[in-house]
Number of protein chains: 2
Amino acid sequence: ARGTVYLVGAGPGDPELLTLKAARLLAEADVVVYDHLVGPEVLALVGPQARRIYVGKERSRHTLAQPDINALLVRLAREARCVVRLKGGDPFVFGRGGEELQVLAAQGVRFEVVPGITAACGVAAYAGIPLTHRDHAHSCTFVTGHLKDGSCDLDWPALARPGQTVVIYMGLAGLPAICERLIAHGLPPDWPAAVVEQGTLAGQRVVSATLATLADAVAAAGLESPCLTIVGEVVRLRDELAWFEPRT
Amino acid sequence: ARGTVYLVGAGPGDPELLTLKAARLLAEADVVVYDHLVGPEVLALVGPQARRIYVGKERSRHTLAQPDINALLVRLAREARCVVRLKGGDPFVFGRGGEELQVLAAQGVRFEVVPGITAACGVAAYAGIPLTHRDHAHSCTFVTGHLKDGSCDLDWPALARPGQTVVIYMGLAGLPAICERLIAHGLPPDWPAAVVEQGTLAGQRVVSATLATLADAVAAAGLESPCLTIVGEVVRLRDELAWFEPRT
């Protein structure tokens, strides 16, 4: 009898932001395969019977290459009943979940997908920044700061628009270039923008500034990846709506 | 002693997609104020001690106007310890959560925000459609089909771009116009697009087509609002990745 691979989103960090379904599957799993974005507080929900396999991957230090992860999942599904593939955030938003599932599907492995709170939603909630707002943003766009080929060649004309919130995943290294390009493509230099480190966790730090000043402010504060960057008028609402008090 | 208002996302429909924190607060709440997008299976998690207040709102049939909801929350926070304001999906993505919190903040009411699985993430996961994928989409954009003034005047040049997934919340009435405008602004008529009704629930139905054929296909299938529309090459991956088998 073959097992099922559950592709599960672990949410943005706070373990109470796991879904009921994710928590149930972690408690029941025979084996849990997880990334570095999954923290120890989330792993504490894994049942004592489960084998735990860490597969990386931090920037430019991949513990297992993607094809090896894919092969591992196929093999585990033949050995175990309940295999949880656990990823930070939501597995279908910059999680490469689709690529892993395509391999499983081609090999005839059964799978299910359990969505998680994507970083943009979790971090925005704990930072007091609504992603949309009738007066400020009628749409929100999620992009990633590093692309397949290592460059940061985003679709700037589509991003540099008023009435929109842009959320950049993992873009700290490219932050100065990103802010410059958004200004070059028409957003005002004093357009609000913020970077959040360890969003939703006790160590959360938020640096709020403008496109012109953000990169310097983030460097001065010494923020470290992984971070999330939010760009748009809604960032200003944080002055009224910040509520989460992390340990300092 | 004044209470706290918890602005809580109920997720996309499946009650197992509530967060642990949302479920805990529903069990503990003194009063729960909820919208029509919150289903009976989610409300079953509300503790027996809690007062339940339904405040609408379906399209053009608002049970309580927004200013009345705001005033109600302020009053309840003065009477009760734990007030849960429960909204479908994520309260900061087209949920008007920011507007409600601004009123609470101005009145000095304490609040917290509990993010939920936004409809785009939940529905995509259960429909087998990754929102991003290295080969097909480096960004995803969420927009809403009806705007403040009742029109559907979206930023078409920003939406009609390859390499991007567009998710339209609640846009069934405007669907023919939306597909036409996306084609007029440069997306190919055979660009993949899907509409999902009752996503993540037992009654989930998915109609998958192209921009040219979607509106007719949806009408033929008799889908009803609320629905979610997903536009982009990733929709094609559903042929490989569909896994959820709703009751038929």
# chains A, B, ... in the order shown; residues from 1 in each chain; ligands from 1
$ interface_residues --of "chain B" --to "chain A" --cutoff "6 Å" --atoms "only C-alpha atoms" --output "PyMOL selection string"
chain B and resi 16-21+92-94+98+113+115+117+122+125+130-132+139-143+158
$ select_by_dssp --residues "region 61-173 of chain A" --states "strand (DSSP E)" --output "short mmCIF file (atom, residue, chain, number, x, y, z; two decimals) with N, CA, C and O atoms, in the first residue's frame"
data_model
loop_
_atom_site.label_atom_id
_atom_site.label_comp_id
_atom_site.auth_asym_id
_atom_site.auth_seq_id
_atom_site.Cartn_x
_atom_site.Cartn_y
_atom_site.Cartn_z
N CYS A 82 2.01 8.24 5.66
CA CYS A 82 1.71 9.67 5.72
C CYS A 82 3.00 10.47 5.69
O CYS A 82 3.72 10.55 6.68
N VAL A 83 3.30 11.04 4.53
CA VAL A 83 4.52 11.83 4.35
C VAL A 83 4.12 13.30 4.29
O VAL A 83 3.35 13.71 3.42
N VAL A 84 4.65 14.10 5.21
CA VAL A 84 4.36 15.54 5.17
C VAL A 84 5.57 16.27 4.60
O VAL A 84 6.68 16.17 5.12
N ARG A 85 5.34 16.99 3.52
CA ARG A 85 6.36 17.88 2.96
C ARG A 85 6.02 19.28 3.44
O ARG A 85 5.04 19.89 2.98
N LEU A 86 6.80 19.78 4.40
CA LEU A 86 6.46 21.00 5.11
C LEU A 86 7.30 22.17 4.61
O LEU A 86 8.53 22.10 4.59
N LYS A 87 6.62 23.24 4.20
CA LYS A 87 7.30 24.42 3.67
C LYS A 87 6.84 25.67 4.41
O LYS A 87 5.67 25.77 4.78
N ARG A 110 0.25 9.59 -4.82
CA ARG A 110 -0.91 10.36 -4.36
C ARG A 110 -0.46 11.55 -3.54
O ARG A 110 0.47 11.44 -2.71
N PHE A 111 -1.13 12.69 -3.71
CA PHE A 111 -0.76 13.86 -2.91
C PHE A 111 -1.98 14.72 -2.61
O PHE A 111 -3.02 14.61 -3.28
N GLU A 112 -1.83 15.55 -1.59
CA GLU A 112 -2.81 16.58 -1.27
C GLU A 112 -2.05 17.87 -0.95
O GLU A 112 -0.87 17.82 -0.62
N VAL A 113 -2.73 18.99 -1.04
CA VAL A 113 -2.11 20.28 -0.76
C VAL A 113 -2.84 20.94 0.39
O VAL A 113 -4.07 21.03 0.37
N VAL A 114 -2.10 21.38 1.39
CA VAL A 114 -2.69 22.11 2.52
C VAL A 114 -2.12 23.52 2.50
O VAL A 114 -0.95 23.73 2.81
N SER A 139 -5.43 46.60 -5.29
CA SER A 139 -4.84 45.33 -5.67
C SER A 139 -3.56 45.14 -4.89
O SER A 139 -2.99 46.09 -4.36
N CYS A 140 -3.12 43.87 -4.78
CA CYS A 140 -1.80 43.62 -4.22
C CYS A 140 -1.09 42.59 -5.08
O CYS A 140 -1.71 41.70 -5.66
N THR A 141 0.21 42.78 -5.19
CA THR A 141 1.05 41.95 -6.05
C THR A 141 2.20 41.39 -5.23
O THR A 141 2.85 42.12 -4.48
N PHE A 142 2.42 40.07 -5.37
CA PHE A 142 3.53 39.42 -4.69
C PHE A 142 4.59 39.07 -5.72
O PHE A 142 4.29 38.44 -6.73
N VAL A 143 5.83 39.47 -5.46
CA VAL A 143 6.94 39.10 -6.34
C VAL A 143 8.09 38.57 -5.49
O VAL A 143 8.12 38.74 -4.27
N THR A 144 9.03 37.94 -6.15
CA THR A 144 10.18 37.45 -5.40
C THR A 144 11.43 38.22 -5.84
O THR A 144 11.55 38.62 -6.99
N GLN A 164 -1.80 50.36 -5.66
CA GLN A 164 -1.43 48.96 -5.58
C GLN A 164 -0.44 48.77 -4.42
O GLN A 164 0.39 49.63 -4.17
N THR A 165 -0.53 47.64 -3.75
CA THR A 165 0.48 47.26 -2.76
C THR A 165 1.37 46.19 -3.37
O THR A 165 0.87 45.24 -3.97
N VAL A 166 2.68 46.37 -3.24
CA VAL A 166 3.62 45.37 -3.75
C VAL A 166 4.34 44.73 -2.56
O VAL A 166 4.85 45.44 -1.69
N VAL A 167 4.36 43.41 -2.53
CA VAL A 167 5.08 42.69 -1.49
C VAL A 167 6.20 41.90 -2.13
O VAL A 167 5.97 41.14 -3.08
N ILE A 168 7.42 42.11 -1.63
CA ILE A 168 8.60 41.46 -2.20
C ILE A 168 9.12 40.43 -1.21
O ILE A 168 9.49 40.77 -0.08
N TYR A 169 9.13 39.17 -1.63
CA TYR A 169 9.58 38.07 -0.79
C TYR A 169 11.10 37.95 -0.88
O TYR A 169 11.64 37.85 -1.96
#
$ residues_around --residues "region 203-218 of chain A" --least-positions-apart "5" --cutoff "10 Å" --atoms "only C-alpha atoms" --output "PyMOL selection string"
chain A and resi 123+126-127+172-183+187-198+223-224+227-232+235-236+238-239+244-248
$ select_by_dssp --residues "region 45-123 of chain A" --states "alpha helix (DSSP H)" --output "JSON, numbers by chain"
{"A": [66, 67, 68, 69, 70, 71, 72, 73, 74, 75, 76, 77, 78, 79, 97, 98, 99, 100, 101, 102, 103, 104, 105, 106, 119, 120, 121, 122, 123]}
